[in-house]
Structure formats: C-alpha cells, structure tokens
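Trainee: Shown below is the structure under consideration.
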Amino acid sequence: MKRKLVKQGPQSLVVSMPSEWIKKNKLKKGGEVELQEIANNIVVSGKEIVEPKVREPYVLNIEGKDDALVKRYLTMLYRLGYEEIVITFTKQNIKRLKKEKNTKVEDFISGAHNRFIGMEIIHSERHKIVLKCFTNTNIQELKSVQRRIFLLILSFMENMFDKKYDSQKAHDNVAKFINYFFRLLNAIPEASLPNKELLYGFFLIQDRLIDYLQYTHQELCKAKTISPKAKKILQELFELYENYYHLFYKFKEEDKVKIIKKRFELSRKIKRGKFSLPETKVLYEAKFILVIFVDFYEVLVGKEL
C-alpha cells in the first residue's frame with residue numbers, strides 16, 4: 001500500500017497509518033510505535049520489537065566424528081547465524097571418508113572453513129580451534145547474493161561442454177554462496193522479508209541442482225563423443241533454466257504455460273530418443289534436473305500468491 005508524505009515543521013514528514021492496522025494493534029492517540037531501520041527500509045511495529053539475541057559461541061566437540069559429519073555441523077551452524085564456533089578435540093587426526101585415510105584436524109579445518117564466506121580461524125592451539133564469522137546482514141546484500149547464485153549457475157551451464165572446465169570448483173563456489181544466502185536469510189527479520197520459507201526452499205533446490213550439474217559434466221567428460229541430438233537436448237534444458245531464472249524476478253502470465261510444456265517436451269525427448277550408452281548416462285543425470293524444475297515452478301507459484 002502507498003501513503004503520501006505530509007510536511008510537518010521545517011524538516012519532518014509524517015505519514016498516516018491504516019485504520020485497520022491501528023485497531024488490530026490497539027493503538028490510541030498519544031501511544032507509541034516501534035521503528036526499526038533495516039537497510040533502506042523502516043519497519044513499523046505496534047508492539048515492542050525484540051532484538052535478536054546474540055548467540056553464545058557454539059562448542060563443537062568433533063571427537064569420533066568423520067570429516068563429512070563435521071562439515072554438516074559447520075554448514076548448519078554457519079547457516080543458522082552463529083558468529084563464533086569453538087572446535088574441540090583430543091585426537092590430532094580426523095577420518096576422511098572418501099579418501100579412506102586420516103588427516104590432521106588443523107589441516108582439515110583450514111580447508112573446510114574456506115567453504116564459508118566470511119569465516120576465519122582466529123585462534124588455534126593443540127586441542128582447540130576457534131572460528132569467527134564476519135558477514136553483513138541486510139536485505140540488499142541478500143538480493144545481491146541471490147542474483148550472484150543465478151549467474152554462477154548459468155555460467156556453470158555455459159561451460160558444461162568444456163571437458164577442461166573444473167566443475168568441482170564451480171560446484172563448491174556456488175555452494176559457498178548458497179550457504180551465505182541461507183545465513184543472511186535466517187538473520188533478517190520476518191517483518192522485513194515476506195516468504196522467507198519459500199526462499200529457503202527455493203535455494204535448497206538450487207543446492208540440489210548444482211550436484212546434478214556436476215554429475216552431468218563428469219559423464220560428459222567420460223564420453224568420447226556426444227551426438228548433436230543429445231547436445232541439443234542439454235542446451236534446451238539449460239535455456240529452460242534461464243527462463244525459470246527470469247520468471248523468478250517477473251512471473252509473466254504468458255510464460256507460465258510455455259515453460260511447463262517445454263519441460264514435458266524435453267522429458268519426452270529423453271525418454272523416447274535412441275542414444276549411445278555414454279549419452280544415456282549423461283541424459284540420465286540431466287533428467288533429474290528436469291524433476292528439480294517441478295519443485296522450482298511450485299516455489300514460483302507460491303511466491304506469486
């Protein structure tokens with residue numbers, strides 16, 4: 001809703017509040033409201049705004065935990081907004097599941113903390129490592145990171161047919177910004193950012209998407225050749241993602257049906273087409289991306305409601 005600003009005094013402007021909102025919050029003449037400045041916005045509350053409590057440092061004992069589990073802990077602590085994480089341990093080595101060997105805890109943490117924007121090691125000793133997160137928390141930063149994620153994924157797709165492309169590095173870079181997005185999202189008050197749950201669900205989908213992009217690129221690297229037919233299907237799939245990206249910012253009525261039809265069309269081409277074994281492996285991974293697009297569309301619909 002819009003309200004006109006009325007001049008009062010030499011430097012002040014006043015605005016009227018909707019009568020229904022005034023009644024709902026039981027406000028009367030001479031009463032008070034709370035104003036909170038968030039980025040370029042002013043949030044008006046009829047009740048006292050409770051400032052978020054500063055979280056105490058989280059003590060994470062990694063004794064008996066493998067590297068994959070510790071990464072999960074760090075990811076969730078980072079997303080939930082903890083500013084300081086104290087890692088404690090007695091054994092100097094940690095088990096690496098993929099490599100099936102042990103590595104020094106200090107070396108592991110030095111590599112793991114680089115997965116998170118703004119996270120730094122501020123203290124390290126024999127049985128303890130302290131991590132500190134230095135990040136901004138505002139809506140403008142959230143929107144900037146949100147756009148960056150889309151552009152990084154589109155860049156990932158543009159380089160899909162380059163066998164020299166480092167898809168692992170690209171995957172990790174997108175994941176880093178998605179984690180940062182979740183951290184910002186959890187920190188911003190609900191009053192200043194509607195549909196937080198939808199946004200969270202939406203970017204969880206992007207997190208799954210980059211996994212399948214990486215798997216698709218790995219299969220493309222294994223294949224000696226890819227037919228023009230199979231390549232065209234992949235290119236159309238990536239173009240479809242770009243259409244979804246534009247719909248996220250402007251959900252045009254005329255594009256709603258087109259985009260659903262295109263997804264079904266690509267699904268039929270993959271299902272009914274005759275492909276070599278390497279091409280089938282590539283398109284098998286790509287088909288999961290089409291499934292993800294269903295969730296993508298549902299979030300867009302929910303965002304519009």
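Residues in the structure tokens are numbered from 1 in each chain, the chains being A, B, ... in the order shown, and ligands are numbered from 1 in the order shown.
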Residues near region 76-93 of chain A, anyone? I mean within 8 Å using only C-alpha atoms, not counting same-chain ones fewer than 6 positions away, as a PyMOL selection string.
Mentor: chain A and resi 55-63+102-106+116+126-134+179-180+182-184+186-187
Trainee: Can you write just those residues out, C-alpha atoms, as a JSON list (two decimals), in the first residue's frame?
Mentor:
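out_7.json written:
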```json
[["chain", "number", "residue", "atom", "x", "y", "z"],
["A", 55, "ARG", "CA", 24.29, -16.22, 20.13],
["A", 56, "GLU", "CA", 26.81, -17.63, 22.54],
["A", 57, "PRO", "CA", 29.81, -19.32, 20.90],
["A", 58, "TYR", "CA", 28.92, -22.87, 19.89],
["A", 59, "VAL", "CA", 31.29, -25.52, 21.24],
["A", 60, "LEU", "CA", 31.59, -28.37, 18.75],
["A", 61, "ASN", "CA", 33.38, -31.44, 20.02],
["A", 62, "ILE", "CA", 34.44, -33.44, 16.98],
["A", 63, "GLU", "CA", 35.73, -36.48, 18.86],
["A", 102, "ASN", "CA", 43.21, -39.78, 8.25],
["A", 103, "THR", "CA", 44.40, -36.19, 8.13],
["A", 104, "LYS", "CA", 45.38, -33.63, 10.72],
["A", 105, "VAL", "CA", 42.43, -31.80, 12.28],
["A", 106, "GLU", "CA", 44.17, -28.45, 11.79],
["A", 116, "PHE", "CA", 32.05, -20.35, 4.01],
["A", 126, "ARG", "CA", 46.67, -28.16, 20.25],
["A", 127, "HIS", "CA", 43.12, -29.20, 21.27],
["A", 128, "LYS", "CA", 41.02, -26.23, 20.18],
["A", 129, "ILE", "CA", 40.35, -24.17, 17.04],
["A", 130, "VAL", "CA", 38.14, -21.06, 17.13],
["A", 131, "LEU", "CA", 36.27, -19.93, 14.01],
["A", 132, "LYS", "CA", 34.72, -16.47, 13.67],
["A", 133, "CYS", "CA", 32.21, -15.34, 11.03],
["A", 134, "PHE", "CA", 32.43, -11.77, 9.71],
["A", 179, "ASN", "CA", 25.33, -21.17, 2.35],
["A", 180, "TYR", "CA", 25.92, -17.43, 2.66],
["A", 182, "PHE", "CA", 20.90, -19.04, 3.99],
["A", 183, "ARG", "CA", 22.92, -17.28, 6.70],
["A", 184, "LEU", "CA", 21.59, -13.90, 5.57],
["A", 186, "ASN", "CA", 17.98, -16.59, 8.74],
["A", 187, "ALA", "CA", 19.33, -13.32, 10.15]]
```
Trainee: Pick out the residues sitting within 10 Å of Tyr284 (chain A), and hand them over as a PyMOL selection string; count only C-alpha atoms, and ignore anything fewer than 5 positions along from it in its own chain.
Mentor: chain A and resi 212+215-216+219+270-271+278-279+289
Trainee: Would you compute the distance between CA of Lys281 (chain A) and CA of Glu236 (chain A)? Give it in Å to one decimal.
Mentor: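 Answer for the CA of Lys281 (chain A) to CA of Glu236 (chain A) separation: 17.6 Å.
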Trainee: List as a list in words the protein and nucleic acid residues near Glu298 (chain A), meaning an atom at most 12 Å away when only C-alpha atoms are counted, but skip any in the same chain fewer than 5 places from it.
Mentor: Leu198, Leu199, Gly201, Phe202, Ile205, Tyr244, Leu247, Phe248, Lys256, Ile260, Val291, Ile292, Phe293, Lys303, Glu304 and Leu305 of chain A
Trainee: So how far away is CA of Asp211 (chain A) from CA of Ser276 (chain A), in Å?
Mentor: 23.3 Å
Trainee: To one decimal place in Å, what is the distance between CA of Leu290 (chain A) and CA of Tyr249 (chain A)?
Mentor: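 Atom-to-atom, CA of Leu290 (chain A) and CA of Tyr249 (chain A) are spaced 20.3 Å apart.
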Trainee: As an mmCIF file with N, CA and C atoms, in the first residue's frame, please: all residues of region 9-141 of chain A that backbone DSSP puts in alpha helix (DSSP H).
Mentor:
```cif
data_model
loop_
_atom_site.group_PDB
_atom_site.id
_atom_site.type_symbol
_atom_site.label_atom_id
_atom_site.label_comp_id
_atom_site.auth_asym_id
_atom_site.auth_seq_id
_atom_site.Cartn_x
_atom_site.Cartn_y
_atom_site.Cartn_z
ATOM 1 N N SER A 19 -6.261 2.435 9.187
ATOM 2 C CA SER A 19 -7.140 2.324 10.355
ATOM 3 C C SER A 19 -7.270 0.885 10.852
ATOM 4 N N GLU A 20 -7.321 -0.089 9.906
ATOM 5 C CA GLU A 20 -7.449 -1.491 10.318
ATOM 6 C C GLU A 20 -6.228 -1.939 11.114
ATOM 7 N N TRP A 21 -5.053 -1.490 10.685
ATOM 8 C CA TRP A 21 -3.813 -1.856 11.380
ATOM 9 C C TRP A 21 -3.788 -1.222 12.769
ATOM 10 N N ILE A 22 -4.299 0.017 12.877
ATOM 11 C CA ILE A 22 -4.355 0.718 14.167
ATOM 12 C C ILE A 22 -5.266 -0.033 15.150
ATOM 13 N N LYS A 23 -6.438 -0.468 14.653
ATOM 14 C CA LYS A 23 -7.375 -1.212 15.507
ATOM 15 C C LYS A 23 -6.802 -2.561 15.928
ATOM 16 N N LYS A 24 -6.160 -3.243 14.955
ATOM 17 C CA LYS A 24 -5.595 -4.559 15.217
ATOM 18 C C LYS A 24 -4.542 -4.510 16.324
ATOM 19 N N ASP A 67 34.956 -36.561 8.712
ATOM 20 C CA ASP A 67 35.006 -35.255 8.046
ATOM 21 C C ASP A 67 33.663 -34.834 7.463
ATOM 22 N N ALA A 68 32.898 -35.805 6.931
ATOM 23 C CA ALA A 68 31.603 -35.471 6.326
ATOM 24 C C ALA A 68 30.628 -34.935 7.377
ATOM 25 N N LEU A 69 30.608 -35.565 8.547
ATOM 26 C CA LEU A 69 29.702 -35.140 9.610
ATOM 27 C C LEU A 69 30.097 -33.761 10.148
ATOM 28 N N VAL A 70 31.390 -33.536 10.320
ATOM 29 C CA VAL A 70 31.850 -32.229 10.811
ATOM 30 C C VAL A 70 31.492 -31.127 9.821
ATOM 31 N N LYS A 71 31.614 -31.410 8.520
ATOM 32 C CA LYS A 71 31.236 -30.424 7.503
ATOM 33 C C LYS A 71 29.758 -30.076 7.610
ATOM 34 N N ARG A 72 28.929 -31.088 7.890
ATOM 35 C CA ARG A 72 27.486 -30.847 8.041
ATOM 36 C C ARG A 72 27.220 -29.947 9.250
ATOM 37 N N TYR A 73 27.915 -30.203 10.335
ATOM 38 C CA TYR A 73 27.759 -29.368 11.533
ATOM 39 C C TYR A 73 28.156 -27.923 11.222
ATOM 40 N N LEU A 74 29.300 -27.755 10.593
ATOM 41 C CA LEU A 74 29.781 -26.410 10.275
ATOM 42 C C LEU A 74 28.815 -25.680 9.346
ATOM 43 N N THR A 75 28.283 -26.421 8.373
ATOM 44 C CA THR A 75 27.337 -25.826 7.426
ATOM 45 C C THR A 75 26.100 -25.301 8.137
ATOM 46 N N MET A 76 25.514 -26.117 9.008
ATOM 47 C CA MET A 76 24.293 -25.707 9.689
ATOM 48 C C MET A 76 24.546 -24.601 10.706
ATOM 49 N N LEU A 77 25.668 -24.665 11.413
ATOM 50 C CA LEU A 77 25.993 -23.598 12.368
ATOM 51 C C LEU A 77 26.190 -22.276 11.642
ATOM 52 N N TYR A 78 26.813 -22.336 10.491
ATOM 53 C CA TYR A 78 27.027 -21.132 9.672
ATOM 54 C C TYR A 78 25.695 -20.585 9.170
ATOM 55 N N ARG A 79 24.864 -21.462 8.620
ATOM 56 C CA ARG A 79 23.558 -21.033 8.086
ATOM 57 C C ARG A 79 22.679 -20.441 9.183
ATOM 58 N N VAL A 105 43.620 -32.619 12.049
ATOM 59 C CA VAL A 105 42.431 -31.797 12.279
ATOM 60 C C VAL A 105 42.685 -30.357 11.821
ATOM 61 N N GLU A 106 43.851 -29.829 12.149
ATOM 62 C CA GLU A 106 44.175 -28.446 11.790
ATOM 63 C C GLU A 106 44.151 -28.245 10.279
ATOM 64 N N ASP A 107 44.690 -29.202 9.524
ATOM 65 C CA ASP A 107 44.692 -29.110 8.058
ATOM 66 C C ASP A 107 43.275 -29.215 7.507
ATOM 67 N N PHE A 108 42.489 -30.117 8.114
ATOM 68 C CA PHE A 108 41.105 -30.295 7.662
ATOM 69 C C PHE A 108 40.284 -29.028 7.876
ATOM 70 N N ILE A 109 40.376 -28.439 9.066
ATOM 71 C CA ILE A 109 39.619 -27.219 9.374
ATOM 72 C C ILE A 109 40.095 -26.057 8.505
ATOM 73 N N SER A 110 41.389 -25.988 8.236
ATOM 74 C CA SER A 110 41.928 -24.922 7.375
ATOM 75 C C SER A 110 41.315 -24.977 5.982
ATOM 76 N N GLY A 111 41.057 -26.188 5.496
ATOM 77 C CA GLY A 111 40.424 -26.331 4.186
ATOM 78 C C GLY A 111 38.922 -26.152 4.252
ATOM 79 N N ALA A 112 38.296 -26.677 5.305
ATOM 80 C CA ALA A 112 36.832 -26.650 5.420
ATOM 81 C C ALA A 112 36.287 -25.241 5.607
ATOM 82 N N ILE A 139 19.109 -6.681 3.653
ATOM 83 C CA ILE A 139 18.333 -7.155 2.515
ATOM 84 C C ILE A 139 19.073 -6.939 1.199
ATOM 85 N N GLN A 140 19.764 -5.812 1.061
ATOM 86 C CA GLN A 140 20.476 -5.532 -0.178
ATOM 87 C C GLN A 140 21.563 -6.570 -0.427
ATOM 88 N N GLU A 141 22.252 -6.956 0.619
ATOM 89 C CA GLU A 141 23.280 -7.990 0.488
ATOM 90 C C GLU A 141 22.637 -9.316 0.086
#
```
Trainee: Write out as a list in words the residues lying within 9 Å of Arg3 (chain A), counting only C-alpha atoms and excluding same-chain residues fewer than 2 positions away.
Mentor: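 Listing them by chain and then by number gives Met1, Leu5, Val15, Ser16 and Met17 of chain A.
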Trainee: Mind dumping the selected residues with C-alpha atoms as a tab-separated table (two decimals), in the first residue's frame?
Mentor:
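Contents of again37.tsv, as written:
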```
chain	number	residue	atom	x	y	z
A	1	MET	CA	0.00	0.00	0.00
A	5	LEU	CA	4.06	12.10	2.98
A	15	VAL	CA	2.53	9.52	7.15
A	16	SER	CA	-0.87	8.15	8.20
A	17	MET	CA	-1.30	4.55	9.34
```
Trainee: Looking only at the backbone, which of the residues in region 46-257 of chain A does DSSP tag as strand (DSSP E), as a count of residues only?
Mentor: 30
